[in-house]
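So this block is upload03.cif, mmCIF, C-alpha atoms:
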```cif
data_target
#
loop_
_atom_site.label_atom_id
_atom_site.label_comp_id
_atom_site.auth_asym_id
_atom_site.auth_seq_id
_atom_site.Cartn_x
_atom_site.Cartn_y
_atom_site.Cartn_z
CA MET V 1 125.67 64.91 105.94
CA GLU V 2 124.78 67.68 103.47
CA ASN V 3 126.52 67.73 100.13
CA THR V 4 128.82 70.68 99.46
CA ASN V 5 130.80 71.92 96.52
CA THR V 6 132.72 75.16 96.03
CA ILE V 7 131.94 77.71 93.34
CA ASP V 8 134.90 80.04 92.85
CA LEU V 9 133.77 83.57 92.03
CA SER V 10 136.82 85.31 93.50
CA LEU V 11 138.40 86.18 90.14
CA VAL V 12 135.08 87.57 88.90
CA ILE V 13 134.80 89.75 92.01
CA LYS V 14 138.38 90.97 91.64
CA SER V 15 137.81 91.78 87.97
CA LEU V 16 134.60 93.67 88.77
CA MET V 17 136.52 95.90 91.17
CA GLU V 18 138.88 96.86 88.36
CA ILE V 19 136.38 97.42 85.51
CA SER V 20 133.68 99.57 87.10
CA SER V 21 133.64 101.63 83.90
CA SER V 22 132.15 98.58 82.16
CA HIS V 23 129.40 97.64 84.65
CA SER V 24 126.55 98.92 82.53
CA THR V 25 123.96 96.24 81.78
CA GLU V 26 124.11 97.48 78.18
CA SER V 27 127.86 96.89 77.74
CA ASN V 28 129.46 94.00 75.87
CA THR V 29 131.72 93.34 78.86
CA TYR V 30 128.68 92.89 81.11
CA THR V 31 127.12 90.44 78.65
CA ILE V 32 130.33 88.37 78.43
CA ILE V 33 130.82 88.16 82.21
CA GLU V 34 127.15 87.35 82.74
CA GLY V 35 127.49 84.44 80.32
CA LEU V 36 130.57 83.15 82.15
CA ILE V 37 128.74 83.27 85.49
CA LYS V 38 125.70 81.47 84.13
CA ASN V 39 128.01 78.79 82.72
CA LYS V 40 129.35 78.14 86.24
CA PHE V 41 125.83 77.24 87.39
CA LEU V 42 124.76 75.04 84.46
CA ASN V 43 125.68 71.61 85.77
CA ILE V 44 125.60 72.00 89.53
CA ASN V 45 123.45 70.03 91.92
CA ASN V 46 120.06 71.65 92.56
CA ASP V 47 119.08 69.17 95.26
CA ARG V 48 117.01 70.82 97.99
CA ASN V 49 119.40 69.50 100.65
CA HIS V 50 122.46 70.85 98.87
CA VAL V 51 124.75 73.41 100.49
CA PHE V 52 127.14 75.37 98.29
CA GLU V 53 130.33 77.13 99.23
CA PHE V 54 131.03 80.37 97.38
CA ASP V 55 134.52 81.84 97.26
CA ILE V 56 134.16 85.58 96.59
CA GLY V 57 137.60 86.58 97.78
CA LEU V 58 136.95 86.95 101.50
CA LYS V 59 138.88 85.12 104.22
CA LYS V 60 136.04 82.60 104.55
CA ASN V 61 133.84 81.00 101.95
CA ILE V 62 130.12 81.65 102.14
CA LYS V 63 128.00 78.60 102.83
CA PHE V 64 124.60 78.89 101.22
CA PRO V 65 121.88 76.29 100.76
CA PHE V 66 119.68 75.65 97.77
CA ILE V 67 116.38 77.45 98.49
CA ASP V 68 113.37 77.35 96.18
CA PHE V 69 111.57 80.71 96.12
CA GLY V 70 109.07 79.63 93.48
CA SER V 71 110.06 80.87 90.04
CA ILE V 72 113.70 81.38 91.12
CA THR V 73 116.13 79.78 93.57
CA SER V 74 118.87 80.96 95.90
CA LEU V 75 121.40 80.51 93.09
CA HIS V 76 119.87 83.55 91.39
CA LEU V 77 121.08 85.62 94.35
CA PHE V 78 124.59 85.28 92.89
CA GLY V 79 123.74 86.95 89.59
CA LEU V 80 126.08 89.52 88.07
CA ASP V 81 124.31 92.61 89.45
CA GLU V 82 124.58 91.14 92.94
CA LEU V 83 128.26 90.28 92.44
CA ILE V 84 128.91 93.90 91.45
CA ILE V 85 127.40 95.01 94.76
CA PHE V 86 129.47 92.41 96.65
CA ALA V 87 132.61 93.71 94.90
CA PHE V 88 131.72 97.21 96.11
CA TYR V 89 131.29 95.95 99.69
CA ILE V 90 134.66 94.21 99.69
CA LEU V 91 136.47 97.11 98.06
CA ASN V 92 135.02 99.52 100.65
CA LYS V 93 135.18 97.32 103.74
CA LYS V 94 137.35 99.90 105.55
CA ARG V 95 135.15 102.83 104.52
CA TYR V 96 132.00 101.87 106.44
CA ASN V 97 131.34 100.61 109.97
CA LYS V 98 127.62 100.32 110.72
CA VAL V 99 125.35 99.23 107.88
CA ALA V 100 121.71 98.33 107.32
CA ASP V 101 120.41 95.64 104.97
CA LEU V 102 116.85 96.69 104.08
CA GLY V 103 115.04 93.85 102.38
CA ALA V 104 117.48 91.32 103.79
CA ASN V 105 115.65 88.40 102.17
CA VAL V 106 117.46 85.23 103.33
CA GLY V 107 120.60 86.97 104.52
CA LEU V 108 123.22 86.78 101.78
CA HIS V 109 124.06 90.50 101.79
CA SER V 110 124.09 90.60 105.60
CA ILE V 111 126.51 87.66 105.75
CA ILE V 112 128.92 89.31 103.31
CA MET V 113 128.60 92.66 105.11
CA GLN V 114 129.45 90.96 108.39
CA MET V 115 132.43 89.21 106.79
CA CYS V 116 133.64 92.66 105.70
CA GLY V 117 133.90 93.55 109.37
CA TRP V 118 130.81 95.77 109.51
CA LYS V 119 128.17 95.86 112.24
CA VAL V 120 125.03 94.83 110.37
CA ALA V 121 121.34 95.54 110.99
CA PRO V 122 119.16 93.36 108.71
CA TYR V 123 115.48 94.20 108.19
CA GLU V 124 113.16 91.52 106.79
CA PRO V 125 109.40 91.31 107.50
CA ASP V 126 108.52 87.89 106.04
CA PRO V 127 108.70 85.20 108.76
CA ILE V 128 109.51 82.53 106.16
CA HIS V 129 112.57 84.49 105.06
CA VAL V 130 113.49 85.24 108.67
CA GLU V 131 113.63 81.51 109.36
CA HIS V 132 116.05 81.12 106.44
CA LEU V 133 118.00 84.12 107.74
CA ASN V 134 118.50 82.45 111.10
CA ASN V 135 119.54 79.17 109.49
CA ASN V 136 121.97 80.86 107.10
CA PHE V 137 123.54 82.89 109.90
CA LYS V 138 124.12 79.68 111.87
CA LEU V 139 125.55 77.97 108.80
CA ASN V 140 128.10 80.78 108.46
CA ASP V 141 128.85 81.14 112.19
CA VAL V 142 127.29 84.60 112.29
CA THR V 143 126.40 85.19 115.91
CA ASN V 144 126.54 88.94 116.45
CA ILE V 145 123.66 90.12 114.23
CA ARG V 146 120.20 90.88 115.59
CA ILE V 147 117.50 90.31 112.97
CA ASN V 148 114.81 93.01 112.78
CA GLN V 149 111.64 91.25 111.67
CA LYS V 150 110.27 94.48 110.24
CA ALA V 151 109.61 96.28 107.00
CA VAL V 152 110.84 99.85 106.51
CA SER V 153 108.86 102.89 105.41
CA ASP V 154 108.61 106.63 105.99
CA LYS V 155 107.14 106.20 109.47
CA LYS V 156 106.97 103.65 112.27
CA GLY V 157 103.83 101.54 112.70
CA ASN V 158 102.10 98.54 111.17
CA LEU V 159 101.25 97.96 107.51
CA GLU V 160 99.86 95.18 105.33
CA PHE V 161 102.43 93.00 103.60
CA THR V 162 101.81 90.98 100.42
CA ARG V 163 103.66 87.70 100.05
CA VAL V 164 103.98 86.62 96.41
CA VAL V 165 103.77 82.86 96.81
CA GLY V 166 105.21 82.09 93.36
CA ASN V 167 108.32 84.21 94.03
CA THR V 168 108.70 85.31 97.62
CA THR V 169 111.69 87.53 96.71
CA GLY V 170 109.06 89.79 95.10
CA SER V 171 106.96 90.15 98.26
CA HIS V 172 106.31 93.74 99.30
CA LEU V 173 104.36 96.21 101.39
CA THR V 174 100.87 96.21 99.90
CA GLY V 175 100.45 98.92 97.29
CA SER V 176 104.15 99.19 96.44
CA LYS V 177 103.61 97.18 93.27
CA PRO V 178 100.58 98.01 91.12
CA ASN V 179 99.68 94.55 89.78
CA PRO V 180 101.13 91.64 91.77
CA TYR V 181 100.24 88.35 90.11
CA GLY V 182 99.65 84.74 91.10
CA ALA V 183 98.79 83.42 94.54
CA LEU V 184 99.09 86.13 97.21
CA GLU V 185 99.02 86.05 101.01
CA ARG V 186 98.47 89.22 103.00
CA PHE V 187 99.22 89.90 106.66
CA ILE V 188 100.20 92.76 108.95
CA VAL V 189 103.88 93.45 109.69
CA GLU V 190 105.72 95.84 111.97
CA VAL V 191 107.38 98.78 110.21
CA GLU V 192 110.42 100.85 111.22
CA ALA V 193 110.92 104.48 110.17
CA ILE V 194 113.81 105.09 107.77
CA GLY V 195 114.99 108.14 109.73
CA VAL V 196 116.02 105.96 112.66
CA ILE V 197 118.06 103.74 110.34
CA PHE V 198 119.84 106.68 108.73
CA ASN V 199 120.79 108.01 112.13
CA GLU V 200 122.33 104.69 113.19
CA ASN V 201 124.23 103.65 110.05
CA ASP V 202 126.78 105.03 107.58
CA PHE V 203 125.74 102.76 104.69
CA ILE V 204 122.38 101.32 103.62
CA LYS V 205 121.54 98.67 101.04
CA LEU V 206 117.93 99.18 99.91
CA ASP V 207 115.97 96.53 98.02
CA VAL V 208 112.34 96.94 99.06
CA GLU V 209 110.38 95.89 95.98
CA GLY V 210 108.76 99.15 94.93
CA HIS V 211 108.65 100.94 98.29
CA GLU V 212 111.87 102.88 97.66
CA LYS V 213 109.96 106.01 96.63
CA GLN V 214 108.15 106.37 99.96
CA ILE V 215 111.37 105.74 101.87
CA ILE V 216 113.68 108.11 99.98
CA LEU V 217 111.13 110.90 99.61
CA SER V 218 110.90 111.06 103.42
CA THR V 219 114.62 111.87 103.75
CA ASN V 220 116.11 115.31 104.33
CA GLU V 221 119.59 116.84 103.98
CA ASN V 222 120.67 115.75 107.45
CA HIS V 223 120.01 112.09 106.69
CA TRP V 224 122.63 112.09 103.92
CA LYS V 225 125.45 113.92 105.72
CA ASN V 226 127.07 110.71 106.95
CA THR V 227 125.25 107.92 105.10
CA ASP V 228 125.56 106.42 101.60
CA MET V 229 123.05 104.09 99.97
CA ILE V 230 122.98 101.55 97.17
CA ALA V 231 119.49 100.80 95.93
CA GLU V 232 117.29 99.14 93.36
CA ILE V 233 114.67 101.24 91.56
CA SER V 234 111.56 99.44 90.38
CA SER V 235 109.81 101.86 88.00
CA ALA V 236 110.18 104.98 85.89
CA GLU V 237 107.72 106.79 88.16
CA ASN V 238 109.78 106.00 91.26
CA ALA V 239 112.99 107.00 89.47
CA ASN V 240 111.52 110.38 88.55
CA PHE V 241 110.33 111.19 92.07
CA ILE V 242 113.59 110.04 93.66
CA TYR V 243 115.79 111.92 91.18
CA ASN V 244 113.97 115.21 91.72
CA HIS V 245 113.86 114.84 95.50
CA LEU V 246 117.57 114.06 95.85
CA LYS V 247 118.49 116.80 93.37
CA GLY V 248 116.74 119.25 95.67
CA LEU V 249 118.76 117.92 98.62
CA LYS V 250 122.01 118.13 96.63
CA VAL V 251 122.50 114.36 96.97
CA ASN V 252 124.29 112.81 94.00
CA CYS V 253 123.11 109.73 92.11
CA PHE V 254 125.52 107.35 90.38
CA SER V 255 123.90 104.87 88.02
CA GLN V 256 125.20 101.43 87.09
CA ILE V 257 123.59 101.66 83.66
CA ARG V 258 125.83 104.70 83.08
CA ASN V 259 128.89 102.87 84.45
CA TRP V 260 128.54 104.66 87.80
CA SER V 261 128.96 108.12 86.33
CA LYS V 262 127.02 110.91 88.02
CA VAL V 263 123.39 111.12 86.92
CA GLU V 264 122.95 114.42 85.05
CA ASN V 265 119.30 114.06 84.05
CA ILE V 266 116.37 111.73 84.57
CA ASP V 267 117.28 109.67 81.49
CA ASP V 268 120.41 108.46 83.31
CA MET V 269 118.39 106.87 86.13
CA PRO V 270 117.62 103.13 86.27
CA ILE V 271 113.92 102.33 85.92
CA SER V 272 113.92 98.63 86.83
CA TYR V 273 116.11 95.88 88.27
CA LYS V 274 117.22 95.15 84.70
CA ASP V 275 119.22 98.40 84.75
CA GLY V 276 121.21 97.40 87.84
CA SER V 277 121.63 99.55 90.93
CA VAL V 278 122.06 103.21 91.82
CA PHE V 279 124.34 104.75 94.45
CA PHE V 280 123.26 107.82 96.45
CA SER V 281 125.76 110.00 98.30
CA ILE V 282 126.90 113.57 98.89
CA LYS V 283 130.28 112.37 97.60
CA GLU V 284 131.35 113.65 94.20
CA TYR V 285 132.21 110.16 92.98
CA MET V 286 131.35 106.53 93.68
CA PRO V 287 134.35 104.97 95.46
CA TRP V 288 135.56 102.24 93.10
CA ILE V 289 139.23 103.00 93.79
#
```

Translate the structure of the given file into C-alpha cells.
Amino acid sequence: MENTNTIDLSLVIKSLMEISSSHSTESNTYTIIEGLIKNKFLNINNDRNHVFEFDIGLKKNIKFPFIDFGSITSLHLFGLDELIIFAFYILNKKRYNKVADLGANVGLHSIIMQMCGWKVAPYEPDPIHVEHLNNNFKLNDVTNIRINQKAVSDKKGNLEFTRVVGNTTGSHLTGSKPNPYGALERFIVEVEAIGVIFNENDFIKLDVEGHEKQIILSTNENHWKNTDMIAEISSAENANFIYNHLKGLKVNCFSQIRNWSKVENIDDMPISYKDGSVFFSIKEYMPWI
C-alpha cells in the first residue's frame, strides 16, 4: 500500500483570497508566505512511491504522487504562485462553467478545476505527461474529463515538439524557447487551434512555455467577449507583443506583480514566471471579491 500523508494548505488558500492586494512577488507578504509554504515541505517523504494528500479547502483532498521531472518534482507544482491561481479558481467556482487547461502537464490544475464543478478540457502533448494525467485522474476519481493529447497554437495541424529531458515541465513547441539546454528529444505532435478553444470555454488557463505570443496574437475581439484567461508570460518580447495586441482589442490585463491592478503600460507586464501570472479579460477588474 502506498504511503500517504496530508499537507494542509487550506488556511494559506483562504488567506490568499483575502489579501490579493499583496500577491506581488516583490511584496514582503509574498516573501513571508512563500517561506511558510517551503517550510511545510522541508521534512516530508520524497519517496518515489509516495502519495500526498493536499487540503486546499475543497470538499475533497487532492491526492498527488511524488513525480520526478528532472530538476524539479511534483511538489514544486504547489508553489505560492500556483496556490494563488488555485485560490482564484475556488473563489470563482460559480463564475465559470466550461474551462480549458492549456499545458495541463500532469493534471493538477485540471483536477482542481473539476473539483470546482467546472467542465474541464485539458490539453497536453507529451505522452509521458499524459500517462501521469491518466493516473492522477484515476487517483482522484476523475472520470468525466477527456484528455486532449495535443499542443495549442494559432492554427490546427502538426508541429515539432521539444521535450527537455532534464525538466519535462519546460518542454515546448520547437522554437518557442530560443536556447533550450541539456538533453532534448524532438517529435511531432498534433496541434489544436486556439480559436476553437475560445469558442467552447469561458475560462482558459494558459501555460505553454513560450508559445503564448503566437496563441494570443491570433485572437480577435470576438474571442474575448465571453472568455477570461490567466496566463504565464515567458519573456519581455512576448509581453510587449501581447500587451500591444490586447490593448488594440480593448482587452484588459491585470498583473500579479502589480497586485492584480490594471496594466497601464508595458512596464506593468510580467516578463517571466518569476513575476507570477497575468489575467486577461474585458472586465474592468479581476474578480477577487

Practice problem: Output the residue selection produced by the PyMOL selection byres ((chain V and resi 157) around 6) on the file above, formatted as a count of residues only. | Solution: 3

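Each of V:Lys138, V:Lys38, V:Lys93, V:Lys98 was checked against His76 of chain V using only C-alpha atoms; the smallest atom-to-atom distance is that of V:Lys38.
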
Quiz item: Of the residues V:Ser176, V:Ser21, V:Asn136, V:Asn28, which is the one nearest to Ala104 of chain V, using all atoms listed in the file?
Solution: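 For Ala104 of chain V, the nearest of the candidates is V:Asn136.
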
Exercise. Find the distance between atom CA of Glu18 of chain V and atom CA of Gln256 of chain V and write it in Å to one decimal.
Key: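 Atom CA of Gln256 of chain V lies at a distance of 14.5 Å from atom CA of Glu18 of chain V.
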
Practice problem: Select, from V:His172, V:Lys283, V:Lys14, V:Lys40, the residue with the minimum atom-to-atom distance to Leu91 of chain V, counting only C-alpha atoms. | Solution: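 Smallest separation from Leu91 of chain V among the options: V:Lys14.
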
Self-check item: Residues matched by the PyMOL selection byres ((chain V and resi 260-269) around 12) as a ChimeraX atom specification
Solution: /V:19-25,84-85,88,230-247,251-259,270-288

Quiz item: Using all atoms listed in the file, which residue out of V:Met115, V:Met17, V:Leu80, V:Leu173 lies closest to Gly210 of chain V?
Solution: V:Leu173

Quiz item: If you count only C-alpha atoms, which residues fall within 9 Å of Asn105 of chain V, apart from same-chain ones fewer than 5 positions away, as a PyMOL selection string?
Solution: chain V and resi 122-126+129-130+132-133+168-169

Residues from the last selection, C-alpha atoms, saved as a short mmCIF file (atom, residue, chain, number, x, y, z; two decimals), keeping the file's coordinate frame:
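Result went into selection26.cif, see below:
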```cif
data_model
loop_
_atom_site.label_atom_id
_atom_site.label_comp_id
_atom_site.auth_asym_id
_atom_site.auth_seq_id
_atom_site.Cartn_x
_atom_site.Cartn_y
_atom_site.Cartn_z
CA PRO V 122 119.16 93.36 108.71
CA TYR V 123 115.48 94.20 108.19
CA GLU V 124 113.16 91.52 106.79
CA PRO V 125 109.40 91.31 107.50
CA ASP V 126 108.52 87.89 106.04
CA HIS V 129 112.57 84.49 105.06
CA VAL V 130 113.49 85.24 108.67
CA HIS V 132 116.05 81.12 106.44
CA LEU V 133 118.00 84.12 107.74
CA THR V 168 108.70 85.31 97.62
CA THR V 169 111.69 87.53 96.71
#
```

Exercise. Could you tell me which residues the PyMOL selection byres ((chain V and resi 141) around 12) grabs in this file, written as a VMD selection string?
Key: chain V and resid 60 to 64 111 114 to 115 134 to 140 142 to 145

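Across the structure, atom CA of Leu16 of chain V and atom CA of Ile32 of chain V are spaced 12.4 Å apart.
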
Practice problem: Fewer than 4 positions away in the same chain doesn't count, so skip those; otherwise give me all residues within 7 Å of Glu192 of chain V, counting all atoms listed in the file, as number ranges by chain. | Solution: V: 150-153, 155-157

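Across the structure, atom CA of Phe203 of chain V and atom CA of Met229 of chain V are spaced 5.6 Å apart.
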
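The nearest approach to Tyr181 of chain V among the residues V:Glu34, V:Leu206, V:Asn167, V:Ile197, with only C-alpha atoms taken into account, belongs to V:Asn167.
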
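Distances here use only C-alpha atoms; by that measure, the residue among V:Asn222, V:Ser10, V:Ser110, V:Ser71 closest to Phe198 of chain V is V:Asn222.
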
Using all atoms listed in the file, which protein or nucleic acid residues come within 10 Å of Phe78 of chain V? Drop anything in the same chain fewer than 5 positions from it, and give the result as a compact mmCIF listing (two decimals) with C-alpha atoms, in the coordinates of the input.
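Below you can see out.txt, which holds the result:
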```txt
# COMPACT_ATOMS: atom_id res chain seq x y z
CA LEU V 9 133.77 83.57 92.03
CA ILE V 37 128.74 83.27 85.49
CA LYS V 38 125.70 81.47 84.13
CA PHE V 41 125.83 77.24 87.39
CA PHE V 54 131.03 80.37 97.38
CA LEU V 83 128.26 90.28 92.44
CA ILE V 84 128.91 93.90 91.45
CA PHE V 86 129.47 92.41 96.65
CA LEU V 108 123.22 86.78 101.78
```

Quiz prompt | Cut-off 9 Å around (110.3, 77.5, 94.4) with all atoms listed in the file: residues as a list in words | solution =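 Result, sorted by chain then residue number: Ile67, Asp68, Phe69, Gly70, Ser71, Ile72, Thr73, Val165, Gly166, Asn167 and Thr168 of chain V.
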
Can you spit out the residues from that selection as a compact mmCIF listing (two decimals), in the frame of the given file, using C-alpha atoms?
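And here is the file that came out, part-v5.txt:
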```
# COMPACT_ATOMS: atom_id res chain seq x y z
CA ILE V 67 116.38 77.45 98.49
CA ASP V 68 113.37 77.35 96.18
CA PHE V 69 111.57 80.71 96.12
CA GLY V 70 109.07 79.63 93.48
CA SER V 71 110.06 80.87 90.04
CA ILE V 72 113.70 81.38 91.12
CA THR V 73 116.13 79.78 93.57
CA VAL V 165 103.77 82.86 96.81
CA GLY V 166 105.21 82.09 93.36
CA ASN V 167 108.32 84.21 94.03
CA THR V 168 108.70 85.31 97.62
```

Supply segment 129-140 of chain V as a CSV table (one decimal), in the frame of the given file, with all heavy atoms built in where the input has gaps.
```csv
chain,number,residue,atom,x,y,z
V,129,HIS,N,111.2,84.1,105.4
V,129,HIS,CA,112.6,84.5,105.1
V,129,HIS,C,113.4,84.6,106.3
V,129,HIS,O,114.6,84.3,106.3
V,129,HIS,CB,112.6,85.8,104.3
V,129,HIS,CG,112.2,85.7,102.9
V,129,HIS,ND1,112.1,86.7,102.0
V,129,HIS,CD2,111.8,84.6,102.1
V,129,HIS,CE1,111.7,86.3,100.8
V,129,HIS,NE2,111.5,85.0,100.9
V,130,VAL,N,112.8,85.1,107.4
V,130,VAL,CA,113.5,85.2,108.7
V,130,VAL,C,114.0,83.9,109.2
V,130,VAL,O,115.1,83.8,109.7
V,130,VAL,CB,112.6,85.9,109.7
V,130,VAL,CG1,113.2,85.9,111.1
V,130,VAL,CG2,112.4,87.4,109.3
V,131,GLU,N,113.2,82.9,109.0
V,131,GLU,CA,113.6,81.5,109.4
V,131,GLU,C,114.9,81.1,108.6
V,131,GLU,O,115.8,80.6,109.1
V,131,GLU,CB,112.5,80.5,109.1
V,131,GLU,CG,112.9,79.1,109.6
V,131,GLU,CD,111.7,78.1,109.4
V,131,GLU,OE1,110.6,78.5,109.1
V,131,GLU,OE2,111.9,76.9,109.7
V,132,HIS,N,114.9,81.4,107.3
V,132,HIS,CA,116.0,81.1,106.4
V,132,HIS,C,117.2,82.0,106.9
V,132,HIS,O,118.4,81.5,106.9
V,132,HIS,CB,115.8,81.4,105.0
V,132,HIS,CG,114.9,80.4,104.3
V,132,HIS,ND1,115.3,79.0,104.2
V,132,HIS,CD2,113.7,80.5,103.7
V,132,HIS,CE1,114.3,78.4,103.6
V,132,HIS,NE2,113.4,79.2,103.2
V,133,LEU,N,117.0,83.2,107.2
V,133,LEU,CA,118.0,84.1,107.7
V,133,LEU,C,118.7,83.5,108.9
V,133,LEU,O,119.9,83.4,109.0
V,133,LEU,CB,117.4,85.5,108.2
V,133,LEU,CG,117.4,86.6,107.2
V,133,LEU,CD1,116.5,87.7,107.7
V,133,LEU,CD2,118.8,87.2,107.1
V,134,ASN,N,117.9,83.1,109.9
V,134,ASN,CA,118.5,82.4,111.1
V,134,ASN,C,119.3,81.2,110.7
V,134,ASN,O,120.5,81.1,111.2
V,134,ASN,CB,117.4,82.0,112.1
V,134,ASN,CG,116.9,83.2,112.9
V,134,ASN,OD1,117.7,83.8,113.6
V,134,ASN,ND2,115.6,83.5,113.0
V,135,ASN,N,118.8,80.4,109.9
V,135,ASN,CA,119.5,79.2,109.5
V,135,ASN,C,120.8,79.5,108.8
V,135,ASN,O,121.9,78.9,109.0
V,135,ASN,CB,118.7,78.3,108.6
V,135,ASN,CG,117.5,77.7,109.4
V,135,ASN,OD1,117.5,77.5,110.6
V,135,ASN,ND2,116.4,77.3,108.7
V,136,ASN,N,120.8,80.5,107.9
V,136,ASN,CA,122.0,80.9,107.1
V,136,ASN,C,123.0,81.5,108.0
V,136,ASN,O,124.2,81.4,107.7
V,136,ASN,CB,121.6,81.7,105.9
V,136,ASN,CG,120.8,81.0,104.9
V,136,ASN,OD1,120.9,79.7,104.8
V,136,ASN,ND2,120.0,81.7,104.1
V,137,PHE,N,122.6,82.3,109.0
V,137,PHE,CA,123.5,82.9,109.9
V,137,PHE,C,124.3,81.8,110.7
V,137,PHE,O,125.5,81.8,110.9
V,137,PHE,CB,122.8,83.8,110.8
V,137,PHE,CG,122.5,85.2,110.2
V,137,PHE,CD1,121.7,86.1,110.9
V,137,PHE,CD2,122.9,85.5,108.9
V,137,PHE,CE1,121.4,87.3,110.4
V,137,PHE,CE2,122.5,86.7,108.4
V,137,PHE,CZ,121.8,87.6,109.1
V,138,LYS,N,123.5,80.8,111.1
V,138,LYS,CA,124.1,79.7,111.9
V,138,LYS,C,125.1,78.9,111.0
V,138,LYS,O,126.2,78.5,111.4
V,138,LYS,CB,123.0,78.7,112.4
V,138,LYS,CG,122.2,79.3,113.5
V,138,LYS,CD,121.0,78.4,113.9
V,138,LYS,CE,120.1,79.0,114.9
V,138,LYS,NZ,119.0,78.1,115.3
V,139,LEU,N,124.7,78.7,109.7
V,139,LEU,CA,125.6,78.0,108.8
V,139,LEU,C,126.9,78.7,108.6
V,139,LEU,O,127.9,78.0,108.3
V,139,LEU,CB,124.8,77.8,107.5
V,139,LEU,CG,125.3,76.8,106.4
V,139,LEU,CD1,125.3,75.4,107.0
V,139,LEU,CD2,124.4,76.9,105.2
V,140,ASN,N,126.9,80.0,108.7
V,140,ASN,CA,128.1,80.8,108.5
V,140,ASN,C,128.7,81.3,109.8
V,140,ASN,O,129.6,82.2,109.7
V,140,ASN,CB,127.8,81.9,107.5
V,140,ASN,CG,127.6,81.5,106.1
V,140,ASN,OD1,128.5,81.3,105.3
V,140,ASN,ND2,126.3,81.3,105.7
```
